[in-house]
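Participant: My structure is in run22.txt, and what it holds is compact mmCIF, C-alpha atoms (C1' of nucleotides):
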# COMPACT_ATOMS: atom_id res chain seq x y z
CA MET A 1 0.00 0.00 0.00
CA LYS A 2 1.22 3.41 -0.98
CA HIS A 3 1.30 6.14 1.59
CA THR A 4 0.46 9.71 0.91
CA LEU A 5 3.26 12.16 1.51
CA ASN A 6 3.36 14.07 4.74
CA LYS A 7 1.08 17.04 4.78
CA ASN A 8 2.03 20.30 6.35
CA LYS A 9 3.06 20.74 9.96
CA GLN A 10 -0.15 22.35 10.94
CA GLU A 11 -2.06 19.30 9.91
CA ILE A 12 0.35 16.99 11.68
CA LEU A 13 0.10 18.98 14.89
CA GLN A 14 -3.67 18.91 14.70
CA ALA A 15 -3.63 15.17 14.15
CA ALA A 16 -1.30 14.83 17.11
CA GLN A 17 -3.58 16.87 19.31
CA LYS A 18 -6.54 14.79 18.24
CA GLN A 19 -4.62 11.59 19.03
CA CYS A 20 -3.95 12.90 22.50
CA LEU A 21 -7.48 14.03 23.25
CA LYS A 22 -8.71 10.61 22.26
CA HIS A 23 -6.55 9.13 25.00
CA ASP A 24 -7.21 11.81 27.61
CA LEU A 25 -3.69 13.06 27.43
CA ARG A 26 -2.51 16.63 27.36
CA PHE A 27 -0.78 17.95 24.32
CA THR A 28 1.17 20.58 26.22
CA SER A 29 3.19 23.34 24.62
CA LYS A 30 6.46 21.63 25.51
CA ARG A 31 5.36 18.38 23.96
CA SER A 32 4.25 20.30 20.94
CA ASN A 33 7.57 22.12 20.80
CA VAL A 34 9.48 18.85 20.91
CA LEU A 35 7.36 17.38 18.15
CA GLN A 36 7.76 20.51 16.01
CA LEU A 37 11.48 20.52 16.56
CA MET A 38 11.67 16.89 15.47
CA LEU A 39 9.51 17.58 12.43
CA HIS A 40 11.73 20.50 11.54
CA GLU A 41 14.95 18.51 11.79
CA ASN A 42 13.41 15.61 9.92
CA LYS A 43 16.20 13.23 10.80
CA PRO A 44 16.90 10.90 13.72
CA LEU A 45 17.89 12.75 16.87
CA SER A 46 19.14 11.52 20.21
CA ALA A 47 17.41 12.65 23.37
CA TYR A 48 20.37 14.89 24.12
CA ASP A 49 20.26 16.35 20.60
CA ILE A 50 16.67 17.29 21.28
CA MET A 51 17.62 18.82 24.60
CA ALA A 52 20.27 20.99 22.93
CA ASP A 53 17.99 21.94 20.03
CA TYR A 54 15.25 22.89 22.42
CA LYS A 55 17.56 25.26 24.21
CA THR A 56 18.66 26.83 20.94
CA GLN A 57 15.28 27.12 19.29
CA TYR A 58 13.13 28.11 22.22
CA ASN A 59 15.78 29.74 24.39
CA GLN A 60 14.62 27.69 27.33
CA SER A 61 16.41 24.92 29.17
CA ILE A 62 14.85 21.53 29.44
CA SER A 63 16.27 18.57 31.32
CA ALA A 64 17.22 15.20 29.89
CA VAL A 65 14.62 13.54 32.08
CA SER A 66 11.90 15.73 30.62
CA VAL A 67 13.01 14.96 27.12
CA TYR A 68 12.85 11.23 27.82
CA ARG A 69 9.42 11.61 29.34
CA MET A 70 8.16 13.56 26.37
CA LEU A 71 9.62 11.04 23.99
CA ASP A 72 7.91 8.24 25.91
CA PHE A 73 4.70 10.16 25.64
CA LEU A 74 5.06 10.78 21.91
CA ILE A 75 5.98 7.14 21.31
CA HIS A 76 2.94 5.90 23.18
CA ALA A 77 0.81 8.32 21.22
CA GLN A 78 2.28 6.69 18.09
CA LEU A 79 3.65 10.01 16.93
CA VAL A 80 7.32 9.08 17.22
CA HIS A 81 9.41 5.96 16.65
CA LYS A 82 12.47 4.95 18.59
CA LEU A 83 15.32 3.58 16.53
CA ALA A 84 16.70 0.96 18.87
CA SER A 85 19.72 0.33 16.68
CA SER A 86 20.96 3.88 17.10
CA SER A 87 19.19 5.07 20.25
CA GLN A 88 17.61 7.86 18.30
CA TYR A 89 14.11 9.12 17.76
CA ILE A 90 12.17 10.21 14.68
CA VAL A 91 8.67 11.43 13.92
CA CYS A 92 6.38 8.82 12.45
CA SER A 93 5.90 9.48 8.74
CA HIS A 94 2.32 8.39 8.80
CA ILE A 95 0.72 10.62 11.40
CA THR A 96 -1.78 12.12 9.01
CA CYS A 97 -2.57 8.86 7.24
CA HIS A 98 -6.04 7.68 8.04
CA HIS A 99 -5.73 3.95 7.44
CA ALA A 100 -4.55 1.62 10.18
CA HIS A 101 -0.84 1.78 10.68
CA GLU A 102 1.06 -1.11 9.23
CA THR A 103 4.17 -2.63 10.73
CA PRO A 104 6.64 0.21 10.55
CA GLN A 105 9.63 -0.68 8.49
CA LEU A 106 12.46 1.78 8.85
CA LEU A 107 15.12 1.92 6.19
CA ILE A 108 18.10 3.57 7.79
CA CYS A 109 20.83 4.91 5.52
CA ASP A 110 24.21 4.33 7.13
CA THR A 111 25.77 6.99 4.91
CA CYS A 112 23.53 10.04 5.27
CA HIS A 113 21.60 8.75 8.30
CA GLN A 114 18.25 9.64 6.77
CA VAL A 115 15.41 7.29 7.52
CA GLU A 116 12.72 6.25 5.12
CA GLU A 117 9.64 4.72 6.61
CA ILE A 118 7.68 2.31 4.49
CA GLY A 119 4.75 0.13 5.39
CA ILE A 120 5.40 -3.52 4.96
CA GLY A 121 2.63 -5.12 2.87
CA THR A 122 -0.12 -6.90 4.73
CA LEU A 123 0.55 -10.10 2.82
CA LEU A 124 4.15 -10.01 3.91
CA THR A 125 3.14 -9.21 7.46
CA SER A 126 0.88 -12.21 7.70
CA GLU A 127 3.57 -14.47 6.25
CA LEU A 128 6.01 -13.18 8.80
CA GLU A 129 3.48 -13.75 11.54
CA ALA A 130 2.75 -17.28 10.35
CA ASN A 131 6.46 -17.95 10.37
CA ILE A 132 6.63 -16.79 13.97
CA ALA A 133 3.36 -18.36 15.12
CA ALA A 134 4.77 -21.74 14.10
CA THR A 135 7.18 -21.45 17.02
CA GLY A 136 4.38 -20.65 19.48
CA PHE A 137 5.65 -17.14 19.97
CA LYS A 138 3.11 -14.36 20.41
CA LEU A 139 4.12 -11.10 18.84
CA GLN A 140 3.67 -7.94 20.87
CA HIS A 141 5.18 -5.13 19.00
CA GLN A 142 6.82 -5.21 15.67
CA GLN A 143 9.11 -2.73 14.07
CA LEU A 144 11.72 -3.59 11.53
CA GLU A 145 14.93 -1.58 11.38
CA LEU A 146 16.92 -2.24 8.27
CA HIS A 147 20.34 -0.76 7.61
CA GLY A 148 21.80 -0.04 4.21
CA VAL A 149 22.41 2.74 1.71
CA CYS A 150 19.64 4.90 0.31
CA SER A 151 19.27 5.58 -3.41
CA SER A 152 20.65 9.14 -3.18
CA CYS A 153 23.82 7.98 -1.48
CA GLN A 154 24.26 5.12 -3.93
CA LYS A 155 24.34 7.65 -6.77
CA LEU A 156 27.22 9.51 -5.12
CA HIS A 157 29.17 6.21 -5.19
CA MET B 1 14.21 -24.36 6.78
CA LYS B 2 14.53 -26.19 10.03
CA HIS B 3 17.72 -25.87 11.97
CA THR B 4 19.36 -28.66 13.86
CA LEU B 5 19.68 -28.07 17.56
CA ASN B 6 22.89 -26.80 18.95
CA LYS B 7 25.47 -29.47 19.39
CA ASN B 8 27.79 -29.62 22.34
CA LYS B 9 30.10 -26.85 23.41
CA GLN B 10 33.19 -28.61 22.20
CA GLU B 11 31.87 -28.66 18.69
CA ILE B 12 30.82 -25.03 18.87
CA LEU B 13 34.24 -23.98 20.11
CA GLN B 14 35.91 -25.94 17.34
CA ALA B 15 33.64 -24.32 14.77
CA ALA B 16 34.49 -20.94 16.26
CA GLN B 17 38.21 -21.66 16.07
CA LYS B 18 37.84 -22.74 12.47
CA GLN B 19 35.94 -19.57 11.63
CA CYS B 20 38.77 -17.52 13.06
CA LEU B 21 41.58 -19.38 11.35
CA LYS B 22 39.80 -18.84 8.07
CA HIS B 23 40.02 -15.08 8.63
CA ASP B 24 43.53 -15.06 10.08
CA LEU B 25 42.27 -14.08 13.47
CA ARG B 26 43.38 -15.41 16.82
CA PHE B 27 40.96 -17.35 18.92
CA THR B 28 42.67 -16.45 22.17
CA SER B 29 41.88 -18.01 25.51
CA LYS B 30 40.08 -14.89 26.70
CA ARG B 31 37.91 -14.77 23.62
CA SER B 32 37.23 -18.44 24.10
CA ASN B 33 36.39 -17.85 27.76
CA VAL B 34 33.93 -15.12 26.87
CA LEU B 35 32.26 -17.31 24.28
CA GLN B 36 32.06 -20.23 26.71
CA LEU B 37 30.63 -18.03 29.40
CA MET B 38 27.98 -16.79 27.00
CA LEU B 39 27.20 -20.32 25.89
CA HIS B 40 26.91 -21.38 29.48
CA GLU B 41 24.52 -18.59 30.44
CA ASN B 42 22.48 -19.12 27.30
CA LYS B 43 20.58 -15.87 27.66
CA PRO B 44 21.20 -12.29 26.60
CA LEU B 45 23.91 -10.58 28.63
CA SER B 46 25.08 -7.00 28.74
CA ALA B 47 28.77 -6.25 28.32
CA TYR B 48 28.95 -5.45 32.02
CA ASP B 49 27.21 -8.72 32.90
CA ILE B 50 29.93 -10.50 30.97
CA MET B 51 32.61 -8.54 32.76
CA ALA B 52 31.17 -9.54 36.14
CA ASP B 53 30.67 -13.16 35.12
CA TYR B 54 34.20 -13.36 33.84
CA LYS B 55 35.53 -12.21 37.18
CA THR B 56 33.41 -14.79 39.02
CA GLN B 57 34.00 -17.73 36.76
CA TYR B 58 37.65 -17.28 35.90
CA ASN B 59 38.74 -15.34 38.96
CA GLN B 60 40.39 -12.80 36.76
CA SER B 61 39.50 -9.19 36.15
CA ILE B 62 38.79 -7.98 32.70
CA SER B 63 37.97 -4.41 31.70
CA ALA B 64 34.81 -3.18 30.03
CA VAL B 65 36.84 -2.07 27.03
CA SER B 66 38.20 -5.56 26.58
CA VAL B 67 34.75 -7.05 26.79
CA TYR B 68 33.51 -4.67 24.10
CA ARG B 69 36.48 -5.52 21.92
CA MET B 70 35.91 -9.22 22.33
CA LEU B 71 32.24 -8.81 21.58
CA ASP B 72 33.09 -6.86 18.44
CA PHE B 73 35.41 -9.64 17.46
CA LEU B 74 32.84 -12.36 18.09
CA ILE B 75 30.16 -10.42 16.22
CA HIS B 76 32.40 -9.97 13.19
CA ALA B 77 33.22 -13.66 13.31
CA GLN B 78 29.45 -14.23 13.21
CA LEU B 79 29.54 -16.10 16.48
CA VAL B 80 27.51 -13.59 18.48
CA HIS B 81 24.55 -11.30 17.81
CA LYS B 82 23.94 -7.92 19.35
CA LEU B 83 20.38 -7.24 20.43
CA ALA B 84 20.10 -3.55 19.65
CA SER B 85 16.75 -3.26 21.36
CA SER B 86 18.20 -4.22 24.74
CA SER B 87 21.93 -3.53 24.34
CA GLN B 88 22.67 -7.15 25.07
CA TYR B 89 24.61 -9.91 23.41
CA ILE B 90 23.86 -13.56 22.72
CA VAL B 91 25.63 -16.45 21.04
CA CYS B 92 24.40 -17.25 17.55
CA SER B 93 22.27 -20.39 17.63
CA HIS B 94 23.52 -21.55 14.27
CA ILE B 95 27.25 -21.70 14.69
CA THR B 96 27.51 -25.38 13.91
CA CYS B 97 25.01 -25.29 11.06
CA HIS B 98 26.70 -25.84 7.74
CA HIS B 99 24.30 -24.11 5.39
CA ALA B 100 24.56 -20.41 4.66
CA HIS B 101 23.18 -18.29 7.46
CA GLU B 102 19.76 -16.86 6.83
CA THR B 103 18.58 -13.50 8.01
CA PRO B 104 18.67 -13.89 11.76
CA GLN B 105 15.28 -13.37 13.26
CA LEU B 106 15.36 -13.02 17.01
CA LEU B 107 12.21 -13.63 18.98
CA ILE B 108 12.72 -11.92 22.31
CA CYS B 109 10.41 -12.87 25.16
CA ASP B 110 9.62 -9.77 27.21
CA THR B 111 8.56 -11.92 30.14
CA CYS B 112 11.42 -14.39 30.66
CA HIS B 113 13.92 -12.57 28.41
CA GLN B 114 14.90 -15.75 26.61
CA VAL B 115 15.67 -15.40 22.93
CA GLU B 116 14.74 -17.85 20.24
CA GLU B 117 16.57 -17.51 16.98
CA ILE B 118 14.80 -18.68 13.89
CA GLY B 119 15.81 -18.36 10.26
CA ILE B 120 13.41 -16.42 8.16
CA GLY B 121 12.46 -18.41 5.06
CA THR B 122 14.29 -17.54 1.86
CA LEU B 123 11.00 -16.90 0.09
CA LEU B 124 10.06 -14.38 2.74
CA THR B 125 13.50 -12.84 2.62
CA SER B 126 13.29 -12.25 -1.10
CA GLU B 127 9.84 -10.74 -0.77
CA LEU B 128 11.09 -8.42 1.91
CA GLU B 129 14.02 -7.49 -0.27
CA ALA B 130 11.78 -6.85 -3.27
CA ASN B 131 9.65 -4.62 -1.07
CA ILE B 132 12.71 -2.66 -0.11
CA ALA B 133 14.38 -2.65 -3.50
CA ALA B 134 11.29 -0.90 -4.89
CA THR B 135 12.33 2.17 -2.91
CA GLY B 136 15.86 2.11 -4.32
CA PHE B 137 17.33 1.23 -0.94
CA LYS B 138 20.25 -1.18 -0.84
CA LEU B 139 20.23 -3.48 2.13
CA GLN B 140 23.46 -3.93 4.03
CA HIS B 141 22.78 -5.94 7.06
CA GLN B 142 19.56 -7.39 8.16
CA GLN B 143 18.54 -8.67 11.53
CA LEU B 144 15.02 -8.70 12.80
CA GLU B 145 14.33 -8.29 16.49
CA LEU B 146 10.79 -9.11 17.42
CA HIS B 147 9.36 -8.67 20.90
CA GLY B 148 6.55 -10.69 22.41
CA VAL B 149 5.83 -13.59 24.72
CA CYS B 150 7.23 -17.06 24.21
CA SER B 151 5.09 -20.18 24.36
CA SER B 152 6.33 -21.21 27.83
CA CYS B 153 5.42 -17.86 29.33
CA GLN B 154 2.01 -17.84 27.63
CA LYS B 155 1.20 -21.12 29.40
CA LEU B 156 1.89 -19.52 32.77
CA HIS B 157 -0.72 -16.87 31.88
C1' DA C 1 66.86 -12.37 18.80
C1' DC C 2 64.32 -8.95 16.05
C1' DA C 3 60.55 -6.68 14.06
C1' DC C 4 55.92 -6.20 13.42
C1' DA C 5 51.05 -6.71 13.98
C1' DA C 6 47.50 -8.28 16.92
C1' DA C 7 45.65 -8.37 21.39
C1' DT C 8 45.05 -6.61 25.80
C1' DG C 9 45.59 -3.22 29.67
C1' DT C 10 44.73 1.33 31.81
C1' DA C 11 42.60 5.67 32.66
C1' DA C 12 39.58 8.89 31.49
C1' DT C 13 35.54 10.36 29.53
C1' DG C 14 31.42 10.45 26.56
C1' DT C 15 26.66 9.01 25.80
C1' DT C 16 22.22 7.11 26.89
C1' DA C 17 18.74 6.40 30.39
C1' DT C 18 16.42 6.13 34.90
C1' DA C 19 15.34 6.73 40.04
C1' DA C 20 13.58 9.36 43.71
C1' DC C 21 11.48 13.07 45.29
C1' DA C 22 9.80 18.17 44.97
C1' DT C 23 7.06 21.52 42.67
C1' DT C 24 3.93 23.39 39.27
C1' DT C 25 0.03 23.24 36.17
C1' DC C 26 -4.57 22.57 35.02
C1' DA C 27 -9.23 20.60 34.80
C1' DT C 28 -13.07 19.57 37.84
C1' DC C 29 -16.07 19.93 41.61
C1' DC C 30 -18.08 22.33 45.28
C1' DG D 1 -13.41 31.55 42.83
C1' DG D 2 -10.88 28.43 45.98
C1' DA D 3 -9.98 23.44 47.16
C1' DT D 4 -8.29 19.21 45.42
C1' DG D 5 -6.20 15.70 42.95
C1' DA D 6 -4.01 13.89 38.96
C1' DA D 7 -0.89 14.93 35.32
C1' DA D 8 3.18 17.25 33.96
C1' DT D 9 7.52 19.09 34.77
C1' DG D 10 11.70 20.29 37.56
C1' DT D 11 15.93 18.95 40.17
C1' DT D 12 19.58 16.20 41.60
C1' DA D 13 21.97 12.29 41.46
C1' DT D 14 23.37 8.19 39.57
C1' DA D 15 23.10 3.91 36.79
C1' DA D 16 24.06 1.65 32.58
C1' DC D 17 26.18 1.45 28.15
C1' DA D 18 30.11 2.57 25.14
C1' DT D 19 34.38 4.75 23.21
C1' DT D 20 38.93 7.32 22.87
C1' DA D 21 43.72 7.60 23.37
C1' DC D 22 47.69 5.80 24.52
C1' DA D 23 50.78 2.13 26.86
C1' DT D 24 52.14 -2.59 27.23
C1' DT D 25 52.17 -7.44 26.26
C1' DT D 26 51.79 -11.43 23.29
C1' DG D 27 52.65 -14.23 19.44
C1' DT D 28 54.28 -15.07 14.63
C1' DG D 29 57.45 -14.93 10.90
C1' DT D 30 62.10 -13.84 9.57
The structure given in the file should be rewritten as structure tokens.
Facilitator:
Amino acid sequence: MKHTLNKNKQEILQAAQKQCLKHDLRFTSKRSNVLQLMLHENKPLSAYDIMADYKTQYNQSISAVSVYRMLDFLIHAQLVHKLASSSQYIVCSHITCHHAHETPQLLICDTCHQVEEIGIGTLLTSELEANIAATGFKLQHQQLELHGVCSSCQKLH
Amino acid sequence: MKHTLNKNKQEILQAAQKQCLKHDLRFTSKRSNVLQLMLHENKPLSAYDIMADYKTQYNQSISAVSVYRMLDFLIHAQLVHKLASSSQYIVCSHITCHHAHETPQLLICDTCHQVEEIGIGTLLTSELEANIAATGFKLQHQQLELHGVCSSCQKLH
DNA sequence: ACACAAATGTAATGTTATAACATTTCATCC
DNA sequence: GGATGAAATGTTATAACATTACATTTGTGT
């Protein structure tokens, strides 16, 4: 399934707010600031990167603990993904998509460090699940992180 | 493809030694000790766990740096996998298998923390690759870490 | 025995993440 | 509009994971 491209920030922020209301959570200004900052950077950031950026962009200090808490919040709200393989965080590319979210599949370029998020096909997902179910294992959360070189970087040799 | 169960330690150590010779690397006693320790524990361990275990089991101190270097070595020799999602390390289940290694797929039980390593089918692998190739991305290294609950833990509710 | 590369040791420090407890913010109810 | 209680954030300290830089030792080939 093809995903529509990200719409503008405004729309993403509104979607985020809606997501939060639905779960009785507060979309505070700091949380919003963190999300905006991450949208603006549009690349994986560490928690400490975010802390530094926040200071620069909003001229206001924020502690590491707070950043981690906000990231936890945004992850639970399905607005942000954690890249376990690099301990970094990135905004979900599909916030404004209306269909059910598929298994996120993150293609991480080891050259330019950009991340492309694609949705694995449902056929493939069910095959993968069947493969796993055969062992009696019950899947909880699935996110595939795949490392390689993106098409842009391949062109530059 | 079904994998044979792990054979005894002796055989694994021999296979490991052979792997190293092939690449002109030394399978030193410390590296061997670390591998044996990991085999013995048979569960994911952090680098610092290994450091502590080493001290206990061999009555000899070893530094964190050394542990990380040995882990790097064992990973490159394809004897050990790193679990990025938990910053832990575990011996590859397929060391003594003779066929080419498939994409390692690690089923991590979030209850008992045991890891089951299965090989993703080649059909599935090629589908996944096709899916990815469509985006122009070139895969480098693939390892799937999937979290859930293993069959034993499901039985205990 | 020498030379050289590989392996390991040592010390310091960088990076990622959480614990424990205090304070502030904000919606709700009276 | 003030009380109140939960959610959010602040503060301080520290735990856990990982690397850098440089010194020393070990083992192999000549």
Participant: For chain D, which residues have at least one atom within 9 Å of chain A, if we go by only C-alpha atoms (C1' of nucleotides)? Write them as number ranges by chain, please.
Facilitator: D: 7-11
Participant: Which residues are close to A:Phe137, i.e. within 8 Å by all atoms listed in the file, leaving aside same-chain residues fewer than 6 positions away? Reply as a list of chain:residue names.
Facilitator: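 Within the cut-off, the hits are B:Leu107, B:Gly148, B:Val149, B:Cys150, B:Ser151.
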Participant: Can you work out which residues from chain C touch chain A at a cut-off of 10 Å (counting all atoms listed in the file) and hand them back as an MDAnalysis selection string?
Facilitator: chainID C and resid 15:18 26
Participant: Pull out every residue of chain A sitting within 8 Å of chain B, counting only C-alpha atoms, and send them as a VMD selection string.
Facilitator: chain A and resid 84 to 86 107 120 124 127 to 128 131 135 to 151
Participant: Give as number ranges by chain each residue that has an atom at most 10 Å from (33.7, 5.6, 20.9) in the file, counting only C-alpha atoms (C1' of nucleotides).
Facilitator: C: 14-15; D: 18-20
Participant: Using all atoms listed in the file - which residues lie no farther than 12 Å from the point (52.2, -19.6, 16.2) in the file's frame? Write them as number ranges by chain.
Facilitator: B: 21, 24-28; D: 26-29
Participant: Since the input is missing atoms for stretch 65-93 of chain B, could you rebuild it with N, CA and C atoms and give the result as a JSON list (two decimals), in the frame of the given file?
Facilitator:
[["chain", "number", "residue", "atom", "x", "y", "z"],
["B", 65, "VAL", "N", 36.34, -2.27, 28.40],
["B", 65, "VAL", "CA", 36.84, -2.07, 27.03],
["B", 65, "VAL", "C", 37.16, -3.40, 26.38],
["B", 66, "SER", "N", 37.82, -4.25, 27.13],
["B", 66, "SER", "CA", 38.20, -5.56, 26.58],
["B", 66, "SER", "C", 36.97, -6.36, 26.21],
["B", 67, "VAL", "N", 35.98, -6.31, 27.08],
["B", 67, "VAL", "CA", 34.75, -7.05, 26.79],
["B", 67, "VAL", "C", 34.15, -6.54, 25.48],
["B", 68, "TYR", "N", 34.08, -5.22, 25.33],
["B", 68, "TYR", "CA", 33.51, -4.67, 24.10],
["B", 68, "TYR", "C", 34.33, -5.09, 22.89],
["B", 69, "ARG", "N", 35.64, -5.11, 23.04],
["B", 69, "ARG", "CA", 36.48, -5.52, 21.92],
["B", 69, "ARG", "C", 36.25, -6.97, 21.57],
["B", 70, "MET", "N", 36.13, -7.80, 22.59],
["B", 70, "MET", "CA", 35.91, -9.22, 22.33],
["B", 70, "MET", "C", 34.54, -9.46, 21.71],
["B", 71, "LEU", "N", 33.57, -8.69, 22.18],
["B", 71, "LEU", "CA", 32.24, -8.81, 21.58],
["B", 71, "LEU", "C", 32.27, -8.39, 20.12],
["B", 72, "ASP", "N", 32.96, -7.29, 19.83],
["B", 72, "ASP", "CA", 33.09, -6.86, 18.44],
["B", 72, "ASP", "C", 33.68, -7.98, 17.60],
["B", 73, "PHE", "N", 34.74, -8.55, 18.15],
["B", 73, "PHE", "CA", 35.41, -9.64, 17.46],
["B", 73, "PHE", "C", 34.45, -10.80, 17.19],
["B", 74, "LEU", "N", 33.74, -11.21, 18.22],
["B", 74, "LEU", "CA", 32.84, -12.36, 18.09],
["B", 74, "LEU", "C", 31.67, -12.05, 17.14],
["B", 75, "ILE", "N", 31.24, -10.80, 17.13],
["B", 75, "ILE", "CA", 30.16, -10.42, 16.22],
["B", 75, "ILE", "C", 30.65, -10.48, 14.78],
["B", 76, "HIS", "N", 31.86, -9.93, 14.55],
["B", 76, "HIS", "CA", 32.40, -9.97, 13.19],
["B", 76, "HIS", "C", 32.64, -11.39, 12.72],
["B", 77, "ALA", "N", 32.99, -12.25, 13.66],
["B", 77, "ALA", "CA", 33.22, -13.66, 13.31],
["B", 77, "ALA", "C", 31.89, -14.40, 13.18],
["B", 78, "GLN", "N", 30.79, -13.67, 13.31],
["B", 78, "GLN", "CA", 29.45, -14.23, 13.21],
["B", 78, "GLN", "C", 29.16, -15.31, 14.24],
["B", 79, "LEU", "N", 29.76, -15.14, 15.40],
["B", 79, "LEU", "CA", 29.54, -16.10, 16.48],
["B", 79, "LEU", "C", 28.53, -15.56, 17.49],
["B", 80, "VAL", "N", 28.36, -14.25, 17.48],
["B", 80, "VAL", "CA", 27.51, -13.59, 18.48],
["B", 80, "VAL", "C", 26.64, -12.54, 17.78],
["B", 81, "HIS", "N", 25.43, -12.36, 18.29],
["B", 81, "HIS", "CA", 24.55, -11.30, 17.81],
["B", 81, "HIS", "C", 24.41, -10.23, 18.88],
["B", 82, "LYS", "N", 24.28, -8.99, 18.42],
["B", 82, "LYS", "CA", 23.94, -7.92, 19.35],
["B", 82, "LYS", "C", 22.44, -7.66, 19.25],
["B", 83, "LEU", "N", 21.80, -7.61, 20.40],
["B", 83, "LEU", "CA", 20.38, -7.24, 20.43],
["B", 83, "LEU", "C", 20.32, -5.74, 20.64],
["B", 84, "ALA", "N", 20.09, -5.01, 19.56],
["B", 84, "ALA", "CA", 20.10, -3.55, 19.65],
["B", 84, "ALA", "C", 19.00, -3.05, 20.57],
["B", 85, "SER", "N", 17.88, -3.75, 20.59],
["B", 85, "SER", "CA", 16.75, -3.26, 21.36],
["B", 85, "SER", "C", 16.96, -3.36, 22.86],
["B", 86, "SER", "N", 17.94, -4.13, 23.30],
["B", 86, "SER", "CA", 18.20, -4.22, 24.74],
["B", 86, "SER", "C", 19.66, -4.03, 25.08],
["B", 87, "SER", "N", 20.49, -3.68, 24.10],
["B", 87, "SER", "CA", 21.93, -3.53, 24.34],
["B", 87, "SER", "C", 22.51, -4.75, 25.03],
["B", 88, "GLN", "N", 22.15, -5.90, 24.52],
["B", 88, "GLN", "CA", 22.67, -7.15, 25.07],
["B", 88, "GLN", "C", 23.23, -8.01, 23.94],
["B", 89, "TYR", "N", 23.91, -9.06, 24.37],
["B", 89, "TYR", "CA", 24.61, -9.91, 23.41],
["B", 89, "TYR", "C", 24.27, -11.37, 23.66],
["B", 90, "ILE", "N", 24.19, -12.14, 22.59],
["B", 90, "ILE", "CA", 23.86, -13.56, 22.72],
["B", 90, "ILE", "C", 24.57, -14.37, 21.66],
["B", 91, "VAL", "N", 24.94, -15.59, 22.00],
["B", 91, "VAL", "CA", 25.63, -16.45, 21.04],
["B", 91, "VAL", "C", 24.68, -16.82, 19.91],
["B", 92, "CYS", "N", 25.18, -16.82, 18.70],
["B", 92, "CYS", "CA", 24.40, -17.25, 17.55],
["B", 92, "CYS", "C", 24.01, -18.71, 17.74],
["B", 93, "SER", "N", 22.76, -19.02, 17.45],
["B", 93, "SER", "CA", 22.27, -20.39, 17.63],
["B", 93, "SER", "C", 22.72, -21.31, 16.51]]
